[in-house]
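Shown here: model_37.pdb, PDB, C-alpha atoms.
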```pdb
ATOM      1  CA  MET A1297      11.882 117.502  15.574
ATOM      2  CA  LEU A1298      14.757 118.769  17.746
ATOM      3  CA  GLN A1299      14.835 115.416  19.537
ATOM      4  CA  SER A1300      15.152 113.556  16.205
ATOM      5  CA  LEU A1301      17.957 115.863  15.099
ATOM      6  CA  LEU A1302      19.837 115.409  18.372
ATOM      7  CA  GLU A1303      19.398 111.626  18.262
ATOM      8  CA  ALA A1304      20.676 111.429  14.683
ATOM      9  CA  ARG A1305      23.692 113.585  15.499
ATOM     10  CA  GLU A1306      24.296 111.645  18.704
ATOM     11  CA  LYS A1307      24.461 108.340  16.820
ATOM     12  CA  SER A1308      26.966 109.634  14.314
ATOM     13  CA  TRP A1309      29.454 111.577  16.391
ATOM     14  CA  SER A1310      29.150 110.911  20.101
ATOM     15  CA  ALA A1311      29.002 107.205  20.828
ATOM     16  CA  LYS A1312      31.984 105.831  18.911
ATOM     17  CA  PRO A1313      34.839 107.874  20.449
ATOM     18  CA  LEU A1314      33.524 107.141  23.934
ATOM     19  CA  SER A1315      32.794 103.463  23.306
ATOM     20  CA  ASN A1316      36.422 102.984  22.281
ATOM     21  CA  THR A1317      37.463 104.138  25.776
ATOM     22  CA  LEU A1318      35.333 101.743  27.849
ATOM     23  CA  GLY A1319      37.500 100.065  30.438
ATOM     24  CA  SER A1320      40.106 102.811  30.491
ATOM     25  CA  ILE A1321      39.051 104.444  33.769
ATOM     26  CA  SER A1322      38.814 101.418  36.050
ATOM     27  CA  GLY A1323      40.032  98.499  33.945
ATOM     28  CA  VAL A1324      37.194  96.305  35.217
ATOM     29  CA  HIS A1325      34.673  96.920  32.436
ATOM     30  CA  LEU A1326      33.443  93.755  30.758
ATOM     31  CA  ARG A1327      32.969  94.040  27.006
ATOM     32  CA  ASN A1328      30.793  90.928  26.696
ATOM     33  CA  SER A1329      30.202  87.448  28.118
ATOM     34  CA  THR A1330      33.320  86.076  26.405
ATOM     35  CA  ASP A1331      35.401  88.718  28.191
ATOM     36  CA  LEU A1332      33.793  87.657  31.498
ATOM     37  CA  ILE A1333      34.625  83.989  30.887
ATOM     38  CA  GLU A1334      38.221  84.771  29.942
ATOM     39  CA  ARG A1335      38.740  86.876  33.057
ATOM     40  CA  LEU A1336      37.127  84.280  35.325
ATOM     41  CA  LYS A1337      39.551  81.658  33.992
ATOM     42  CA  THR A1338      42.438  83.620  35.516
ATOM     43  CA  ILE A1339      40.980  83.748  39.040
ATOM     44  CA  ASP A1340      41.779  81.268  41.784
ATOM     45  CA  PHE A1341      38.440  80.587  43.489
ATOM     46  CA  THR A1342      39.989  78.812  46.488
ATOM     47  CA  ASP A1343      38.445  80.250  49.663
ATOM     48  CA  LYS A1344      36.438  82.771  47.628
ATOM     49  CA  ILE A1345      32.755  83.557  47.304
ATOM     50  CA  LEU A1346      30.944  84.870  44.268
ATOM     51  CA  VAL A1347      28.574  87.813  44.695
ATOM     52  CA  SER A1348      26.394  89.616  42.187
ATOM     53  CA  TYR A1349      25.888  93.324  42.911
ATOM     54  CA  ASP A1350      23.234  95.019  40.802
ATOM     55  CA  VAL A1351      22.447  98.730  40.704
ATOM     56  CA  ALA A1352      18.762  99.534  41.112
ATOM     57  CA  ALA A1353      17.461 101.807  38.316
ATOM     58  CA  LEU A1354      20.904 103.001  37.208
ATOM     59  CA  PHE A1355      19.931 105.115  34.194
ATOM     60  CA  THR A1356      17.453 107.308  36.047
ATOM     61  CA  ASN A1357      19.731 107.641  39.083
ATOM     62  CA  VAL A1358      22.955 108.646  37.367
ATOM     63  CA  ARG A1359      24.070 112.146  38.312
ATOM     64  CA  LEU A1360      24.646 114.166  35.154
ATOM     65  CA  GLU A1361      27.453 116.140  36.822
ATOM     66  CA  GLY A1362      29.237 112.835  37.466
ATOM     67  CA  VAL A1363      28.671 111.697  33.887
ATOM     68  CA  LEU A1364      30.196 114.900  32.563
ATOM     69  CA  GLU A1365      33.146 114.552  34.944
ATOM     70  CA  ALA A1366      33.764 111.038  33.579
ATOM     71  CA  VAL A1367      33.485 112.344  30.008
ATOM     72  CA  LYS A1368      36.030 115.090  30.749
ATOM     73  CA  ARG A1369      38.458 112.496  32.163
ATOM     74  CA  ILE A1370      38.094 110.348  29.087
ATOM     75  CA  VAL A1371      38.163 113.114  26.500
ATOM     76  CA  ALA A1372      41.389 114.467  27.984
ATOM     77  CA  ASN A1373      43.050 111.222  26.831
ATOM     78  CA  ILE A1374      41.416 110.903  23.401
ATOM     79  CA  ASP A1375      43.566 111.816  20.425
ATOM     80  CA  ASP A1376      42.195 114.964  18.771
ATOM     81  CA  GLY A1377      42.058 113.118  15.443
ATOM     82  CA  ASN A1378      39.421 110.745  16.846
ATOM     83  CA  LEU A1379      36.937 113.561  17.447
ATOM     84  CA  LEU A1380      35.094 115.479  14.754
ATOM     85  CA  VAL A1381      35.212 118.692  16.777
ATOM     86  CA  PRO A1382      37.640 120.185  19.310
ATOM     87  CA  LYS A1383      37.559 118.535  22.745
ATOM     88  CA  ILE A1384      35.880 121.461  24.479
ATOM     89  CA  ASP A1385      33.082 121.483  21.880
ATOM     90  CA  TYR A1386      32.708 117.708  22.114
ATOM     91  CA  ILE A1387      32.182 117.966  25.871
ATOM     92  CA  LYS A1388      29.632 120.761  25.350
ATOM     93  CA  LEU A1389      27.746 118.660  22.799
ATOM     94  CA  ILE A1390      27.687 115.626  25.100
ATOM     95  CA  SER A1391      26.411 117.932  27.848
ATOM     96  CA  MET A1392      23.608 119.160  25.587
ATOM     97  CA  CYS A1393      22.650 115.587  24.695
ATOM     98  CA  VAL A1394      22.425 114.406  28.289
ATOM     99  CA  LYS A1395      20.536 117.480  29.450
ATOM    100  CA  PHE A1396      17.990 117.256  26.611
ATOM    101  CA  ARG A1397      15.871 114.481  28.105
ATOM    102  CA  SER A1398      12.556 114.547  26.337
ATOM    103  CA  PHE A1399      10.675 111.470  25.180
ATOM    104  CA  THR A1400       7.367 110.627  23.585
ATOM    105  CA  PHE A1401       4.789 108.271  25.051
ATOM    106  CA  ASN A1402       1.265 107.785  23.622
ATOM    107  CA  ASN A1403       1.840 110.761  21.317
ATOM    108  CA  ASN A1404       2.595 113.048  24.260
ATOM    109  CA  GLU A1405       6.005 114.587  24.832
ATOM    110  CA  TYR A1406       7.514 114.445  28.309
ATOM    111  CA  LYS A1407      10.737 115.572  29.931
ATOM    112  CA  GLN A1408      12.676 113.084  32.013
ATOM    113  CA  LEU A1409      13.637 114.818  35.235
ATOM    114  CA  ARG A1410      16.625 112.727  36.371
ATOM    115  CA  GLY A1411      19.429 110.682  34.952
ATOM    116  CA  LEU A1412      20.194 109.442  31.473
ATOM    117  CA  THR A1413      17.628 108.856  28.759
ATOM    118  CA  MET A1414      16.815 105.209  28.168
ATOM    119  CA  GLY A1415      17.280 104.162  24.553
ATOM    120  CA  SER A1416      19.802 106.835  23.697
ATOM    121  CA  PRO A1417      22.803 105.362  21.856
ATOM    122  CA  VAL A1418      25.208 107.173  24.135
ATOM    123  CA  SER A1419      23.429 106.608  27.491
ATOM    124  CA  THR A1420      24.723 103.067  27.987
ATOM    125  CA  ILE A1421      28.271 104.200  27.279
ATOM    126  CA  LEU A1422      27.920 107.178  29.623
ATOM    127  CA  ALA A1423      26.435 104.993  32.376
ATOM    128  CA  ASN A1424      29.396 102.621  31.977
ATOM    129  CA  LEU A1425      31.896 105.490  32.196
ATOM    130  CA  TYR A1426      30.132 106.912  35.252
ATOM    131  CA  MET A1427      30.229 103.540  36.980
ATOM    132  CA  GLU A1428      33.892 103.076  36.000
ATOM    133  CA  MET A1429      34.711 106.385  37.660
ATOM    134  CA  LEU A1430      32.935 105.311  40.861
ATOM    135  CA  GLU A1431      34.638 101.902  40.676
ATOM    136  CA  ALA A1432      38.100 103.409  40.311
ATOM    137  CA  ASP A1433      37.577 106.130  42.912
ATOM    138  CA  LYS A1434      35.534 104.267  45.539
ATOM    139  CA  TYR A1435      34.075 100.803  44.973
ATOM    140  CA  MET A1436      37.222  98.756  44.375
ATOM    141  CA  ASN A1437      38.763 100.164  47.568
ATOM    142  CA  ILE A1438      35.725  98.990  49.517
ATOM    143  CA  MET A1439      36.152  95.472  48.162
ATOM    144  CA  GLY A1440      39.761  95.408  49.381
ATOM    145  CA  ARG A1441      42.760  93.177  48.681
ATOM    146  CA  GLY A1442      42.160  89.702  47.414
ATOM    147  CA  SER A1443      38.887  90.744  45.765
ATOM    148  CA  THR A1444      37.935  91.013  42.115
ATOM    149  CA  TRP A1445      35.290  93.406  40.770
ATOM    150  CA  LEU A1446      34.058  93.016  37.174
ATOM    151  CA  GLY A1447      31.268  95.198  35.851
ATOM    152  CA  HIS A1448      29.103  96.021  32.881
ATOM    153  CA  VAL A1449      26.719  98.965  33.238
ATOM    154  CA  ASP A1450      24.588  98.077  36.297
ATOM    155  CA  ASP A1451      25.743  94.481  36.817
ATOM    156  CA  VAL A1452      28.789  93.547  38.867
ATOM    157  CA  ILE A1453      30.373  90.206  39.617
ATOM    158  CA  ALA A1454      32.570  90.328  42.710
ATOM    159  CA  ILE A1455      34.830  87.515  43.866
ATOM    160  CA  LEU A1456      35.604  88.043  47.537
ATOM    161  CA  PRO A1457      37.575  86.197  50.195
ATOM    162  CA  SER A1458      35.203  83.752  51.904
ATOM    163  CA  SER A1459      35.850  85.603  55.182
ATOM    164  CA  ALA A1460      34.419  88.857  53.766
ATOM    165  CA  CYS A1461      31.240  90.236  55.291
ATOM    166  CA  VAL A1462      29.118  90.660  52.175
ATOM    167  CA  GLU A1463      26.398  92.665  53.950
ATOM    168  CA  ASN A1464      28.968  95.092  55.381
ATOM    169  CA  LYS A1465      30.445  95.628  51.909
ATOM    170  CA  LEU A1466      26.945  96.252  50.549
ATOM    171  CA  ARG A1467      26.297  98.890  53.238
ATOM    172  CA  ARG A1468      29.624 100.591  52.460
ATOM    173  CA  LEU A1469      28.937 100.551  48.694
ATOM    174  CA  ASN A1470      25.524 102.117  49.228
ATOM    175  CA  VAL A1471      26.970 104.981  51.307
ATOM    176  CA  VAL A1472      29.223 106.171  48.451
ATOM    177  CA  ASN A1473      26.412 107.710  46.409
ATOM    178  CA  LYS A1474      22.856 107.982  47.727
ATOM    179  CA  ASP A1475      21.467 107.655  44.193
ATOM    180  CA  ILE A1476      23.420 104.531  43.229
ATOM    181  CA  GLN A1477      22.114 101.722  45.394
ATOM    182  CA  PHE A1478      23.168  98.108  45.047
ATOM    183  CA  ILE A1479      21.249  94.957  45.778
ATOM    184  CA  ILE A1480      23.043  91.614  46.076
ATOM    185  CA  GLU A1481      22.697  87.978  45.278
ATOM    186  CA  THR A1482      25.174  85.637  46.882
ATOM    187  CA  GLU A1483      26.399  82.321  45.660
ATOM    188  CA  LYS A1484      24.319  79.225  46.441
ATOM    189  CA  GLU A1485      25.785  75.832  45.581
ATOM    190  CA  GLY A1486      28.406  77.482  43.368
ATOM    191  CA  LYS A1487      25.869  79.542  41.376
ATOM    192  CA  VAL A1488      24.537  83.074  41.380
ATOM    193  CA  LEU A1489      21.018  83.026  39.985
TER     194      LEU A1489
END
```

Can I see the file as structure tokens?
Amino acid sequence: MLQSLLEAREKSWSAKPLSNTLGSISGVHLRNSTDLIERLKTIDFTDKILVSYDVAALFTNVRLEGVLEAVKRIVANIDDGNLLVPKIDYIKLISMCVKFRSFTFNNNEYKQLRGLTMGSPVSTILANLYMEMLEADKYMNIMGRGSTWLGHVDDVIAILPSSACVENKLRRLNVVNKDIQFIIETEKEGKVL
């Protein structure tokens, strides 16, 4: 019952103000495939390689403290008129939603021990904001000059100078946060599969 109430409230008040802010922390968030295509059109691929970095099990490995830090950053810049409650209460309500991680399977109720709840309307947005914070604070610096990083939730397309050591970048990315671990696929014959 409490889970149903929280989910209904979450759909109506929490997701929209945050979804309107996607891309505002790092500027590399992709809204959809059309956005990806438009951004790729502006990149000179001469002497570049294309790499796909994917986060393994993002939702269950997201640190809730980091999610709430990202939410605080975002909410600080949201106009008060776009929230139904004062900012401090909004942050408290988001905190309650992410910490209430129960789910039902085969008519049994369980509590998820780590990360964000799969299927929650706000979890995808929160995972995006969390990744944007890591991108802005850490990941884009690792990629370095002459590189492009474009991401959506747990998928990243990176365009790197052909001289870049992709494996070294992967190691450095995976040191940033022990819970957020990337795997890679590199370009083969101009394609990432």

### Spatial neighbours of A:Ala1454, 8 Å, only C-alpha atoms, chain gap at least 2 places, as a PyMOL selection string
chain A and resi 1346-1349+1443-1446+1452+1456

### Task
Give me the residues within 10 Å of A:Ser1320 as a ChimeraX atom specification, counting all atoms listed in the file and dropping any in the same chain fewer than 6 places off.
/A:1369-1370,1373,1425,1428-1429

### Task
Quick one: everything within 9 Å of stretch 1422-1424 of chain A, counting all atoms listed in the file, minus sequence neighbours fewer than 6 positions away in the same chain. Send it as an NGL selection string.
:A and (1311 or 1314-1315 or 1318-1319 or 1325 or 1354-1355 or 1358 or 1363-1364 or 1366-1367 or 1412 or 1447-1450)

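Residue nearest A:Pro1457 within the list A:Asn1470, A:Thr1317, A:Ser1322, A:Thr1342: A:Thr1342 [criterion: smallest interatomic distance, all atoms listed in the file].
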
### Message
If the PyMOL selection byres ((chain A and resi 1345) around 12) were run on this exact file, what residues would it hold? Put them as a ChimeraX atom specification.
### Response
/A:1339-1344,1346-1348,1442-1444,1453-1462,1481-1488

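This file, queried with the PyMOL selection byres ((chain A and resi 1400) around 12), gives the residues Met1297, Gln1299, Ser1300, Arg1397, Ser1398, Phe1399, Phe1401, Asn1402, Asn1403, Asn1404, Glu1405, Tyr1406, Lys1407, Gln1408, Thr1413, Met1414 and Gly1415 of chain A.
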
Output stretch 1380-1400 of chain A with N, CA and C atoms present, as a tab-separated table (two decimals), keeping the file's coordinate frame.
```tsv
chain	number	residue	atom	x	y	z
A	1380	LEU	N	35.43	114.65	15.91
A	1380	LEU	CA	35.09	115.48	14.75
A	1380	LEU	C	35.14	116.96	15.07
A	1381	VAL	N	35.18	117.30	16.35
A	1381	VAL	CA	35.21	118.69	16.78
A	1381	VAL	C	36.26	118.81	17.88
A	1382	PRO	N	36.70	120.02	18.20
A	1382	PRO	CA	37.64	120.18	19.31
A	1382	PRO	C	37.08	119.62	20.62
A	1383	LYS	N	37.96	119.19	21.50
A	1383	LYS	CA	37.56	118.54	22.74
A	1383	LYS	C	36.55	119.34	23.55
A	1384	ILE	N	36.78	120.63	23.68
A	1384	ILE	CA	35.88	121.46	24.48
A	1384	ILE	C	34.48	121.48	23.88
A	1385	ASP	N	34.39	121.50	22.55
A	1385	ASP	CA	33.08	121.48	21.88
A	1385	ASP	C	32.42	120.11	22.02
A	1386	TYR	N	33.22	119.06	21.95
A	1386	TYR	CA	32.71	117.71	22.11
A	1386	TYR	C	32.05	117.56	23.49
A	1387	ILE	N	32.72	118.04	24.51
A	1387	ILE	CA	32.18	117.97	25.87
A	1387	ILE	C	30.89	118.77	25.97
A	1388	LYS	N	30.85	119.95	25.34
A	1388	LYS	CA	29.63	120.76	25.35
A	1388	LYS	C	28.48	120.04	24.64
A	1389	LEU	N	28.79	119.38	23.53
A	1389	LEU	CA	27.75	118.66	22.80
A	1389	LEU	C	27.22	117.46	23.59
A	1390	ILE	N	28.12	116.74	24.25
A	1390	ILE	CA	27.69	115.63	25.10
A	1390	ILE	C	26.80	116.18	26.22
A	1391	SER	N	27.19	117.30	26.79
A	1391	SER	CA	26.41	117.93	27.85
A	1391	SER	C	25.01	118.27	27.35
A	1392	MET	N	24.92	118.84	26.16
A	1392	MET	CA	23.61	119.16	25.59
A	1392	MET	C	22.76	117.90	25.41
A	1393	CYS	N	23.39	116.83	24.92
A	1393	CYS	CA	22.65	115.59	24.70
A	1393	CYS	C	22.10	115.00	25.99
A	1394	VAL	N	22.90	115.02	27.04
A	1394	VAL	CA	22.42	114.41	28.29
A	1394	VAL	C	21.42	115.30	29.02
A	1395	LYS	N	21.47	116.58	28.79
A	1395	LYS	CA	20.54	117.48	29.45
A	1395	LYS	C	19.21	117.60	28.70
A	1396	PHE	N	19.21	117.24	27.41
A	1396	PHE	CA	17.99	117.26	26.61
A	1396	PHE	C	17.34	115.89	26.77
A	1397	ARG	N	16.42	115.79	27.73
A	1397	ARG	CA	15.87	114.48	28.10
A	1397	ARG	C	14.37	114.39	27.85
A	1398	SER	N	13.98	114.68	26.64
A	1398	SER	CA	12.56	114.55	26.34
A	1398	SER	C	12.31	113.19	25.69
A	1399	PHE	N	11.07	112.72	25.82
A	1399	PHE	CA	10.68	111.47	25.18
A	1399	PHE	C	9.18	111.54	24.89
A	1400	THR	N	8.77	110.67	23.99
A	1400	THR	CA	7.37	110.63	23.58
A	1400	THR	C	6.75	109.33	24.05
```
